[in-house]
$ cat model_29.tsv   # TSV, C-alpha atoms and all ligand atoms
chain	number	residue	atom	x	y	z
A	1	MET	CA	186.12	80.47	10.78
A	2	SER	CA	187.83	79.37	13.98
A	3	ARG	CA	189.47	81.51	16.62
A	4	ILE	CA	191.86	79.42	18.68
A	5	LEU	CA	192.96	80.83	22.01
A	6	VAL	CA	196.07	79.30	23.55
A	7	THR	CA	196.27	80.11	27.27
A	8	GLY	CA	199.84	79.94	28.56
A	9	GLY	CA	200.84	81.03	25.06
A	10	SER	CA	204.13	82.54	26.29
A	11	GLY	CA	205.40	79.35	27.97
A	12	LEU	CA	207.45	76.38	26.77
A	13	VAL	CA	204.55	74.54	25.12
A	14	GLY	CA	202.68	77.67	23.99
A	15	LYS	CA	205.76	79.02	22.18
A	16	ALA	CA	206.26	75.64	20.52
A	17	ILE	CA	202.69	75.64	19.19
A	18	LYS	CA	203.25	79.17	17.90
A	19	TYR	CA	206.47	78.03	16.22
A	20	VAL	CA	204.78	75.09	14.49
A	21	ILE	CA	201.80	77.17	13.36
A	22	GLU	CA	204.12	79.83	11.95
A	23	THR	CA	206.69	77.55	10.31
A	24	GLU	CA	204.74	74.59	8.89
A	25	PRO	CA	203.33	75.30	5.41
A	26	GLU	CA	199.85	76.81	5.49
A	27	GLY	CA	197.18	74.17	4.93
A	28	SER	CA	199.54	71.27	5.79
A	29	LYS	CA	198.82	68.70	8.51
A	30	PHE	CA	200.16	70.84	11.37
A	31	GLY	CA	200.22	74.25	9.66
A	32	LYS	CA	197.65	77.01	9.93
A	33	GLN	CA	194.43	76.20	8.06
A	34	PRO	CA	192.49	78.74	5.98
A	35	GLY	CA	190.06	80.65	8.20
A	36	GLU	CA	191.98	79.99	11.42
A	37	THR	CA	193.08	82.78	13.74
A	38	TRP	CA	195.51	81.80	16.50
A	39	ILE	CA	195.78	83.90	19.68
A	40	PHE	CA	198.62	83.23	22.13
A	41	ALA	CA	197.80	84.78	25.52
A	42	SER	CA	200.33	85.38	28.29
A	43	SER	CA	199.56	86.29	31.90
A	44	SER	CA	200.01	89.96	31.00
A	45	GLU	CA	196.73	89.69	29.04
A	46	GLY	CA	194.91	88.67	32.20
A	47	ASP	CA	195.57	86.75	35.39
A	48	LEU	CA	193.54	83.58	34.96
A	49	ARG	CA	193.35	83.08	38.72
A	50	ASP	CA	190.90	85.97	38.56
A	51	PRO	CA	187.41	85.07	37.22
A	52	VAL	CA	186.72	88.63	36.02
A	53	ALA	CA	189.99	88.83	34.09
A	54	THR	CA	189.35	85.37	32.61
A	55	ASP	CA	185.87	86.34	31.45
A	56	ALA	CA	187.26	89.55	29.96
A	57	LEU	CA	189.80	87.55	27.94
A	58	PHE	CA	187.03	85.32	26.55
A	59	GLU	CA	184.85	88.37	25.87
A	60	LYS	CA	187.72	90.04	23.99
A	61	TYR	CA	188.65	87.11	21.74
A	62	LYS	CA	185.43	85.07	21.67
A	63	PRO	CA	187.39	81.88	20.98
A	64	THR	CA	185.68	78.99	19.24
A	65	HIS	CA	188.46	76.68	20.43
A	66	VAL	CA	190.87	76.77	23.37
A	67	ILE	CA	194.13	74.97	24.08
A	68	HIS	CA	194.42	75.53	27.80
A	69	LEU	CA	198.07	75.39	28.89
A	70	ALA	CA	198.28	78.17	31.50
A	71	ALA	CA	199.39	76.79	34.85
A	72	LEU	CA	201.77	77.30	37.70
A	73	VAL	CA	204.47	74.85	36.61
A	74	GLY	CA	207.71	73.76	38.21
A	75	GLY	CA	210.10	70.89	38.71
A	76	LEU	CA	210.33	68.48	41.62
A	77	PHE	CA	211.85	70.87	44.16
A	78	LYS	CA	209.45	73.76	43.51
A	79	ASN	CA	206.49	71.35	43.65
A	80	MET	CA	207.63	69.94	46.99
A	81	LYS	CA	208.14	73.42	48.44
A	82	TYR	CA	204.88	75.13	47.43
A	83	LYS	CA	202.22	72.40	47.42
A	84	LEU	CA	199.38	74.61	48.59
A	85	THR	CA	200.16	77.40	46.10
A	86	PHE	CA	200.24	74.81	43.31
A	87	LEU	CA	196.86	73.49	44.42
A	88	ARG	CA	195.26	76.89	44.81
A	89	ASP	CA	196.59	78.69	41.71
A	90	ASN	CA	195.99	75.78	39.37
A	91	THR	CA	192.53	75.05	40.74
A	92	LEU	CA	191.55	78.71	40.24
A	93	ILE	CA	193.03	78.87	36.73
A	94	ASN	CA	191.35	75.65	35.60
A	95	ASP	CA	187.99	76.49	37.14
A	96	ASN	CA	187.95	80.00	35.64
A	97	VAL	CA	189.04	78.91	32.15
A	98	LEU	CA	186.60	76.01	31.91
A	99	ARG	CA	183.73	78.06	33.35
A	100	SER	CA	184.36	80.96	30.94
A	101	ALA	CA	184.69	78.55	28.01
A	102	TYR	CA	181.35	77.03	29.01
A	103	THR	CA	179.51	80.32	29.43
A	104	HIS	CA	180.96	81.68	26.17
A	105	GLN	CA	179.92	78.51	24.34
A	106	THR	CA	183.42	77.63	23.22
A	107	SER	CA	182.92	74.56	21.08
A	108	LYS	CA	186.08	72.71	22.10
A	109	VAL	CA	188.69	72.91	24.86
A	110	VAL	CA	191.83	70.80	25.14
A	111	SER	CA	193.20	71.18	28.68
A	112	CYS	CA	196.51	69.93	29.89
A	113	LEU	CA	197.15	67.31	32.54
A	114	SER	CA	200.53	65.68	33.11
A	115	THR	CA	201.83	62.21	33.87
A	116	CYS	CA	202.81	63.70	37.26
A	117	VAL	CA	199.15	63.56	38.29
A	118	PHE	CA	198.99	59.74	38.42
A	119	SER	CA	199.45	57.77	41.61
A	120	ASP	CA	202.74	55.94	42.02
A	121	LYS	CA	200.74	53.01	43.40
A	122	VAL	CA	199.37	51.91	40.02
A	123	GLU	CA	200.45	49.16	37.73
A	124	TYR	CA	202.71	50.46	34.95
A	125	PRO	CA	202.49	51.49	32.20
A	126	LEU	CA	200.24	54.45	32.92
A	127	ASP	CA	197.30	54.74	30.59
A	128	GLU	CA	194.30	56.99	30.14
A	129	ASN	CA	192.09	54.88	32.46
A	130	LYS	CA	194.32	55.29	35.52
A	131	VAL	CA	194.25	59.08	36.06
A	132	HIS	CA	192.14	58.85	39.21
A	133	LEU	CA	193.37	55.54	40.59
A	134	GLY	CA	194.95	56.19	43.99
A	135	PRO	CA	196.48	59.36	45.49
A	136	PRO	CA	199.18	61.30	43.59
A	137	HIS	CA	202.85	60.98	44.61
A	138	GLU	CA	203.42	63.17	47.68
A	139	SER	CA	206.09	65.25	45.90
A	140	ASN	CA	203.43	67.00	43.81
A	141	PHE	CA	200.21	66.54	45.69
A	142	GLY	CA	198.92	70.09	45.12
A	143	TYR	CA	199.65	70.31	41.38
A	144	ALA	CA	198.25	66.84	40.77
A	145	HIS	CA	194.94	67.38	42.55
A	146	ALA	CA	194.32	70.69	40.77
A	147	LYS	CA	195.14	69.12	37.41
A	148	ARG	CA	193.03	66.01	37.90
A	149	MET	CA	189.95	68.18	38.18
A	150	VAL	CA	190.10	69.31	34.53
A	151	ASP	CA	189.12	65.76	33.70
A	152	GLU	CA	185.78	66.25	35.45
A	153	GLU	CA	183.97	69.05	33.75
A	154	PHE	CA	180.71	70.02	32.13
A	155	GLY	CA	179.96	67.06	29.86
A	156	CYS	CA	180.61	68.95	26.60
A	157	ASN	CA	183.45	68.73	24.08
A	158	PHE	CA	186.09	69.59	26.66
A	159	THR	CA	188.92	67.12	26.70
A	160	SER	CA	192.49	66.91	27.93
A	161	ALA	CA	196.00	65.90	26.96
A	162	ILE	CA	198.49	64.16	29.26
A	163	PRO	CA	202.06	64.99	28.23
A	164	THR	CA	205.11	63.33	29.77
A	165	ASN	CA	208.17	65.50	30.60
A	166	VAL	CA	208.52	68.29	28.06
A	167	PHE	CA	211.66	70.21	27.08
A	168	GLY	CA	212.71	72.62	24.34
A	169	PRO	CA	213.34	76.28	23.47
A	170	TYR	CA	211.71	78.83	25.82
A	171	ASP	CA	211.78	76.42	28.77
A	172	ASN	CA	212.36	77.70	32.29
A	173	PHE	CA	216.14	77.36	32.85
A	174	ASP	CA	216.07	78.49	36.50
A	175	LEU	CA	218.67	76.60	38.54
A	176	GLU	CA	216.32	75.49	41.35
A	177	ASP	CA	212.73	75.81	40.13
A	178	SER	CA	213.03	74.23	36.69
A	179	HIS	CA	212.46	70.75	35.31
A	180	VAL	CA	215.42	68.42	35.06
A	181	ILE	CA	216.63	69.02	31.47
A	182	PRO	CA	216.66	72.85	31.40
A	183	GLY	CA	218.06	72.94	34.96
A	184	LEU	CA	220.92	70.61	34.03
A	185	ILE	CA	221.66	72.45	30.79
A	186	HIS	CA	222.00	75.73	32.68
A	187	LYS	CA	224.15	74.15	35.43
A	188	CYS	CA	226.43	72.51	32.89
A	189	VAL	CA	226.87	75.72	30.89
A	190	LEU	CA	227.78	77.58	34.10
A	191	ALA	CA	230.17	74.82	35.22
A	192	LYS	CA	231.93	75.04	31.86
A	193	LYS	CA	232.10	78.83	32.01
A	194	ASN	CA	233.31	79.00	35.65
A	195	GLY	CA	235.56	75.92	35.63
A	196	THR	CA	233.52	74.40	38.50
A	197	PRO	CA	232.17	70.83	38.91
A	198	PHE	CA	228.92	69.86	37.18
A	199	VAL	CA	226.71	68.59	40.03
A	200	VAL	CA	223.60	66.57	39.15
A	201	SER	CA	220.96	66.32	41.91
A	202	GLY	CA	220.06	62.76	42.92
A	203	THR	CA	221.48	59.40	41.91
A	204	GLY	CA	220.98	59.73	38.16
A	205	LYS	CA	219.08	56.44	38.19
A	206	PRO	CA	215.42	57.49	37.75
A	207	LEU	CA	213.94	56.95	34.32
A	208	ARG	CA	211.73	59.37	32.40
A	209	GLN	CA	210.07	59.74	29.00
A	210	PHE	CA	210.90	63.11	27.47
A	211	ILE	CA	208.99	64.73	24.64
A	212	TYR	CA	210.36	67.60	22.56
A	213	SER	CA	208.10	70.64	22.86
A	214	ARG	CA	207.81	71.00	19.07
A	215	ASP	CA	206.64	67.38	18.73
A	216	LEU	CA	204.17	67.91	21.55
A	217	ALA	CA	202.96	71.07	19.81
A	218	LYS	CA	202.10	69.09	16.67
A	219	LEU	CA	200.23	66.53	18.74
A	220	PHE	CA	198.21	69.27	20.49
A	221	ILE	CA	197.28	70.76	17.11
A	222	TRP	CA	196.25	67.32	15.87
A	223	GLN	CA	194.24	66.66	19.05
A	224	LEU	CA	192.42	69.96	18.75
A	225	ARG	CA	191.40	69.25	15.17
A	226	HIS	CA	190.77	65.52	15.17
A	227	TYR	CA	190.21	64.07	18.64
A	228	ASP	CA	186.54	64.28	19.57
A	229	ASP	CA	186.36	62.36	22.80
A	230	VAL	CA	186.19	63.75	26.35
A	231	GLU	CA	188.50	61.01	27.65
A	232	PRO	CA	192.09	62.25	28.10
A	233	LEU	CA	194.86	61.27	25.70
A	234	ILE	CA	198.49	60.59	26.63
A	235	LEU	CA	200.88	62.54	24.38
A	236	SER	CA	204.23	60.84	24.71
A	237	VAL	CA	207.07	58.97	23.09
A	238	GLY	CA	206.89	55.19	23.52
A	239	GLU	CA	207.48	53.24	26.72
A	240	ASP	CA	210.68	51.85	25.24
A	241	GLU	CA	212.08	55.40	25.02
A	242	GLU	CA	212.67	55.87	28.76
A	243	VAL	CA	216.00	57.57	29.50
A	244	SER	CA	217.83	57.71	32.82
A	245	ILE	CA	218.81	61.05	34.35
A	246	LYS	CA	222.42	59.92	33.97
A	247	GLN	CA	221.90	59.41	30.23
A	248	VAL	CA	220.37	62.90	30.07
A	249	ALA	CA	223.31	64.39	31.98
A	250	ASP	CA	225.82	62.52	29.77
A	251	ALA	CA	224.11	63.88	26.64
A	252	ILE	CA	224.15	67.41	28.06
A	253	VAL	CA	227.85	67.15	28.96
A	254	LYS	CA	228.56	66.08	25.39
A	255	GLU	CA	226.35	68.75	23.82
A	256	VAL	CA	227.72	71.58	25.98
A	257	GLY	CA	231.31	70.34	25.50
A	258	PHE	CA	231.96	70.19	29.26
A	259	GLU	CA	235.24	68.51	30.19
A	260	GLY	CA	235.48	69.17	33.95
A	261	ASN	CA	234.54	67.17	37.04
A	262	TYR	CA	231.00	65.70	36.87
A	263	VAL	CA	229.32	64.27	40.02
A	264	PHE	CA	225.95	63.16	41.46
A	265	ASP	CA	224.69	64.73	44.69
A	266	THR	CA	222.95	61.69	46.20
A	267	THR	CA	221.75	63.71	49.20
A	268	ARG	CA	219.12	65.34	46.94
A	269	ALA	CA	215.72	63.74	46.26
A	270	ASP	CA	215.20	61.56	43.19
A	271	GLY	CA	211.40	61.79	42.94
A	272	GLN	CA	209.58	58.77	41.53
A	273	PHE	CA	211.92	56.09	40.18
A	274	ARG	CA	209.98	55.65	36.95
A	275	LYS	CA	206.47	56.21	35.65
A	276	PRO	CA	206.33	54.84	32.10
A	277	ALA	CA	203.27	55.90	30.15
A	278	SER	CA	201.76	54.10	27.19
A	279	ASN	CA	201.26	56.01	23.94
A	280	LYS	CA	199.33	53.13	22.34
A	281	LYS	CA	196.05	55.01	22.19
A	282	LEU	CA	197.76	58.04	20.61
A	283	LEU	CA	199.55	55.97	17.97
A	284	SER	CA	196.36	54.09	17.10
A	285	LEU	CA	194.68	57.42	16.33
A	286	VAL	CA	197.34	59.78	14.98
A	287	GLY	CA	198.77	57.38	12.40
A	288	ASP	CA	202.33	57.88	11.29
A	289	PHE	CA	204.12	60.36	13.54
A	290	GLN	CA	207.87	60.96	13.57
A	291	PHE	CA	209.23	61.96	16.98
A	292	THR	CA	212.42	64.03	16.87
A	293	PRO	CA	215.37	61.90	18.10
A	294	PHE	CA	216.32	62.86	21.69
A	295	GLU	CA	219.88	63.95	20.80
A	296	GLN	CA	218.66	66.23	18.01
A	297	ALA	CA	216.01	67.80	20.25
A	298	LEU	CA	218.59	68.31	22.98
A	299	HIS	CA	221.00	69.84	20.48
A	300	GLU	CA	218.35	72.35	19.35
A	301	THR	CA	217.45	73.16	22.97
A	302	VAL	CA	221.06	73.75	24.08
A	303	LYS	CA	221.67	75.86	21.00
A	304	TRP	CA	218.56	77.92	21.70
A	305	PHE	CA	219.66	78.45	25.31
A	306	LEU	CA	223.16	79.59	24.32
A	307	ASP	CA	221.84	81.86	21.55
A	308	ASN	CA	219.15	83.34	23.80
A	309	TYR	CA	220.83	83.45	27.19
A	310	ASP	CA	219.79	87.09	27.68
A	311	ILE	CA	216.07	86.47	27.22
A	312	ALA	CA	215.83	82.93	28.62
A	313	ARG	CA	214.06	82.39	31.93
A	314	THR	CA	216.94	81.81	34.31
B	401	LIG	P1	205.54	77.34	31.39
B	401	LIG	O1	205.87	77.56	32.82
B	401	LIG	O2	206.63	77.41	30.40
B	401	LIG	O3	204.40	78.34	30.96
B	401	LIG	C1	203.30	78.57	31.78
B	401	LIG	C2	202.37	79.49	31.05
B	401	LIG	O4	201.22	79.71	31.87
B	401	LIG	C3	202.98	80.85	30.72
B	401	LIG	O5	202.53	81.27	29.47
B	401	LIG	C4	202.41	81.73	31.83
B	401	LIG	O6	202.27	83.09	31.44
B	401	LIG	C5	201.02	81.11	32.00
B	401	LIG	N1	200.47	81.41	33.31
B	401	LIG	C6	200.95	81.01	34.52
B	401	LIG	N2	200.19	81.51	35.51
B	401	LIG	C7	199.22	82.25	34.89
B	401	LIG	C8	198.14	83.03	35.38
B	401	LIG	N3	197.88	83.14	36.69
B	401	LIG	N4	197.35	83.67	34.48
B	401	LIG	C9	197.60	83.56	33.14
B	401	LIG	N5	198.59	82.82	32.62
B	401	LIG	C10	199.39	82.19	33.49
B	401	LIG	O7	204.79	75.94	31.33
B	401	LIG	P2	204.79	74.83	30.20
B	401	LIG	O8	204.68	75.45	28.86
B	401	LIG	O9	205.91	73.90	30.51
B	401	LIG	O10	203.46	74.03	30.55
B	401	LIG	C11	202.28	74.15	29.75
B	401	LIG	C12	201.29	73.12	30.26
B	401	LIG	O11	201.85	71.82	30.12
B	401	LIG	C13	200.94	73.29	31.73
B	401	LIG	O12	199.55	73.10	31.90
B	401	LIG	C14	201.73	72.20	32.41
B	401	LIG	O13	201.11	71.78	33.59
B	401	LIG	C15	201.73	71.13	31.35
B	401	LIG	N6	202.83	70.16	31.43
B	401	LIG	C16	204.13	70.59	31.38
B	401	LIG	C17	205.14	69.66	31.45
B	401	LIG	C18	206.58	70.08	31.39
B	401	LIG	O14	207.45	69.18	31.51
B	401	LIG	N7	206.91	71.34	31.21
B	401	LIG	C19	204.87	68.22	31.59
B	401	LIG	C20	203.46	67.89	31.55
B	401	LIG	C21	202.49	68.83	31.50
B	401	LIG	P3	203.46	84.17	31.71
B	401	LIG	O15	204.73	83.54	31.24
B	401	LIG	O16	203.05	85.32	30.93
B	401	LIG	O17	203.46	84.39	33.19
$ encode --input "model_29.tsv" --output "structure tokens"
Amino acid sequence: MSRILVTGGSGLVGKAIKYVIETEPEGSKFGKQPGETWIFASSSEGDLRDPVATDALFEKYKPTHVIHLAALVGGLFKNMKYKLTFLRDNTLINDNVLRSAYTHQTSKVVSCLSTCVFSDKVEYPLDENKVHLGPPHESNFGYAHAKRMVDEEFGCNFTSAIPTNVFGPYDNFDLEDSHVIPGLIHKCVLAKKNGTPFVVSGTGKPLRQFIYSRDLAKLFIWQLRHYDDVEPLILSVGEDEEVSIKQVADAIVKEVGFEGNYVFDTTRADGQFRKPASNKKLLSLVGDFQFTPFEQALHETVKWFLDNYDIART
């Protein structure tokens, strides 16, 4: 019998794991297995910055396994604005969750890093051995330092995943504090509705690897069940799948059906130009895995946003 607690279960990635567990056939590769109980916790179940609340959550569910996603998360501009809050909140959350998992003898924890935590002074592509090489990029110093620490704990079966940029249903579509794809989708939908220009922050030139949240969810489920190594694992599409922000914006314009004026605001920051990550280790372990094509994933995300505008985080 396993009881799997997903912290951050109400967020973009948590909701995607819930979706996969509920929609894949029971007993299949990514579906629920006999004897498994999945618990998706949101912050309303307990503020994980608080050690007492964290312990109470572990006492209540007594998880045998944890996928630890809860974090203060935000895009480039939010990260630049609130570095100290990102450092403090995420350090507290990670310390409390890992400590409670340890004291409650949780047999396995998969925590979540991000390719944002790497230094921009490393040789590309990023791989699992470069997490601690050099200081993080100054745009997300606080978030990166707090995240890097989950790679340093306890010497038991606690490991971590390193996703690249994630997008999908249930993302945060806030106009300023979101990641690039949900922010641009929301802006483009508003521009279409109001007959105003669609303004993309930055030059459009930076390159990123994007992973669909439902693909990432499957990889998390696989990692929880089959990856028994404390070393982190990059969960990403291939290095040859980098897309420019302009390509992303073009695809959004097409998907939303926007026909107005579309411009780049080059006075806004671009962030790192590129930070390609290698998924070689993942592919050598997971075997055959079909990533959803970018356009299809974007189509499903835009559709979800339009269908759920009232409940989406905006
Ligand atoms: P979201 O912002 O969508 O969700 C964050 C989740 O964390 C929510 O469920 C939220 O709960 C919970 N949470 C936040 N603060 C607290 C707290 N103090 N106590 C308890 N729960 C809390 O994030 P994502 O799903 O995008 O991110 C999941 C993980 O993936 C994070 O660790 C993030 O760093 C990592 N990641 C994300 C990437 C991305 O592009 N989105 C890229 C790489 C890594 P509630 O909603 O109830 O407040």
$ closest_residue --input "model_29.tsv" --among "A:Glu138, A:Asp47, A:Asp288, A:Asp171" --to "Gly11 of chain A" --atoms "all atoms listed in the file"
A:Asp171
$ closest_residue --input "model_29.tsv" --among "A:Trp38, A:Tyr309, A:Tyr102, A:Phe118" --to "ligand LIG 401 (chain B)" --atoms "only C-alpha atoms and all ligand atoms"
A:Phe118
$ residues_around --input "model_29.tsv" --residues "Val200 of chain A" --least-positions-apart "5" --cutoff "8 Å" --atoms "all atoms listed in the file" --output "PDB file with C-alpha atoms, keeping the file's coordinate frame"
ATOM      1  CA  LEU A 184     220.920  70.610  34.030  1.00  0.00           C
ATOM      2  CA  ALA A 249     223.310  64.390  31.980  1.00  0.00           C
ATOM      3  CA  TYR A 262     231.000  65.700  36.870  1.00  0.00           C
ATOM      4  CA  VAL A 263     229.320  64.270  40.020  1.00  0.00           C
ATOM      5  CA  PHE A 264     225.950  63.160  41.460  1.00  0.00           C
ATOM      6  CA  ASP A 265     224.690  64.730  44.690  1.00  0.00           C
TER       7      ASP A 265
END
$ residues_around --input "model_29.tsv" --residues "Leu207 of chain A" --least-positions-apart "4" --cutoff "6 Å" --atoms "all atoms listed in the file" --output "list in words"
Glu242, Val243, Ser244 and Arg274 of chain A
$ atom_distance --input "model_29.tsv" --atom1 "atom CA of Asn194 of chain A" --atom2 "atom CA of Gln296 of chain A"
26.2 Å
$ residues_near_ligand --input "model_29.tsv" --ligand "ligand LIG 401 (chain B)" --cutoff "6 Å" --atoms "only C-alpha atoms and all ligand atoms" --output "number ranges by chain"
A: 8-14, 42-44, 46-49, 69-73, 112-114, 163-166, 171
$ build_atoms --input "model_29.tsv" --residues "segment 62-82 of chain A" --atoms "N, CA and C atoms" --output "PDB file, keeping the file's coordinate frame"
ATOM      1  N   LYS A  62     186.522  85.976  22.065  1.00  0.00           N
ATOM      2  CA  LYS A  62     185.430  85.070  21.670  1.00  0.00           C
ATOM      3  C   LYS A  62     185.955  83.811  20.956  1.00  0.00           C
ATOM      4  N   PRO A  63     186.796  83.043  21.650  1.00  0.00           N
ATOM      5  CA  PRO A  63     187.390  81.880  20.980  1.00  0.00           C
ATOM      6  C   PRO A  63     186.363  80.789  20.694  1.00  0.00           C
ATOM      7  N   THR A  64     186.507  80.165  19.535  1.00  0.00           N
ATOM      8  CA  THR A  64     185.680  78.990  19.240  1.00  0.00           C
ATOM      9  C   THR A  64     186.347  77.746  19.806  1.00  0.00           C
ATOM     10  N   HIS A  65     187.689  77.808  19.923  1.00  0.00           N
ATOM     11  CA  HIS A  65     188.460  76.680  20.430  1.00  0.00           C
ATOM     12  C   HIS A  65     189.509  77.203  21.423  1.00  0.00           C
ATOM     13  N   VAL A  66     189.839  76.367  22.406  1.00  0.00           N
ATOM     14  CA  VAL A  66     190.870  76.770  23.370  1.00  0.00           C
ATOM     15  C   VAL A  66     191.840  75.607  23.593  1.00  0.00           C
ATOM     16  N   ILE A  67     193.132  75.912  23.533  1.00  0.00           N
ATOM     17  CA  ILE A  67     194.130  74.970  24.080  1.00  0.00           C
ATOM     18  C   ILE A  67     194.561  75.600  25.398  1.00  0.00           C
ATOM     19  N   HIS A  68     194.209  74.932  26.475  1.00  0.00           N
ATOM     20  CA  HIS A  68     194.420  75.530  27.800  1.00  0.00           C
ATOM     21  C   HIS A  68     195.703  74.987  28.443  1.00  0.00           C
ATOM     22  N   LEU A  69     196.763  75.803  28.348  1.00  0.00           N
ATOM     23  CA  LEU A  69     198.070  75.390  28.890  1.00  0.00           C
ATOM     24  C   LEU A  69     198.444  76.146  30.157  1.00  0.00           C
ATOM     25  N   ALA A  70     197.824  77.313  30.396  1.00  0.00           N
ATOM     26  CA  ALA A  70     198.280  78.170  31.500  1.00  0.00           C
ATOM     27  C   ALA A  70     198.239  77.403  32.817  1.00  0.00           C
ATOM     28  N   ALA A  71     199.314  77.494  33.568  1.00  0.00           N
ATOM     29  CA  ALA A  71     199.390  76.790  34.850  1.00  0.00           C
ATOM     30  C   ALA A  71     200.604  77.307  35.607  1.00  0.00           C
ATOM     31  N   LEU A  72     200.553  77.134  36.917  1.00  0.00           N
ATOM     32  CA  LEU A  72     201.770  77.300  37.700  1.00  0.00           C
ATOM     33  C   LEU A  72     202.518  75.982  37.556  1.00  0.00           C
ATOM     34  N   VAL A  73     203.714  76.052  36.972  1.00  0.00           N
ATOM     35  CA  VAL A  73     204.470  74.850  36.610  1.00  0.00           C
ATOM     36  C   VAL A  73     205.829  74.903  37.283  1.00  0.00           C
ATOM     37  N   GLY A  74     206.359  73.763  37.658  1.00  0.00           N
ATOM     38  CA  GLY A  74     207.710  73.760  38.210  1.00  0.00           C
ATOM     39  C   GLY A  74     208.223  72.348  38.320  1.00  0.00           C
ATOM     40  N   GLY A  75     209.495  72.212  38.574  1.00  0.00           N
ATOM     41  CA  GLY A  75     210.100  70.890  38.710  1.00  0.00           C
ATOM     42  C   GLY A  75     209.852  70.327  40.103  1.00  0.00           C
ATOM     43  N   LEU A  76     210.531  69.236  40.381  1.00  0.00           N
ATOM     44  CA  LEU A  76     210.330  68.480  41.620  1.00  0.00           C
ATOM     45  C   LEU A  76     210.479  69.357  42.869  1.00  0.00           C
ATOM     46  N   PHE A  77     211.553  70.161  42.913  1.00  0.00           N
ATOM     47  CA  PHE A  77     211.850  70.870  44.160  1.00  0.00           C
ATOM     48  C   PHE A  77     210.853  71.988  44.417  1.00  0.00           C
ATOM     49  N   LYS A  78     210.445  72.688  43.356  1.00  0.00           N
ATOM     50  CA  LYS A  78     209.450  73.760  43.510  1.00  0.00           C
ATOM     51  C   LYS A  78     208.105  73.149  43.922  1.00  0.00           C
ATOM     52  N   ASN A  79     207.753  72.027  43.318  1.00  0.00           N
ATOM     53  CA  ASN A  79     206.490  71.350  43.650  1.00  0.00           C
ATOM     54  C   ASN A  79     206.454  70.907  45.106  1.00  0.00           C
ATOM     55  N   MET A  80     207.595  70.427  45.605  1.00  0.00           N
ATOM     56  CA  MET A  80     207.630  69.940  46.990  1.00  0.00           C
ATOM     57  C   MET A  80     207.524  71.113  47.960  1.00  0.00           C
ATOM     58  N   LYS A  81     208.064  72.264  47.542  1.00  0.00           N
ATOM     59  CA  LYS A  81     208.140  73.420  48.440  1.00  0.00           C
ATOM     60  C   LYS A  81     206.822  74.174  48.542  1.00  0.00           C
ATOM     61  N   TYR A  82     206.063  74.259  47.455  1.00  0.00           N
ATOM     62  CA  TYR A  82     204.880  75.130  47.430  1.00  0.00           C
ATOM     63  C   TYR A  82     203.605  74.360  47.083  1.00  0.00           C
TER      64      TYR A  82
END
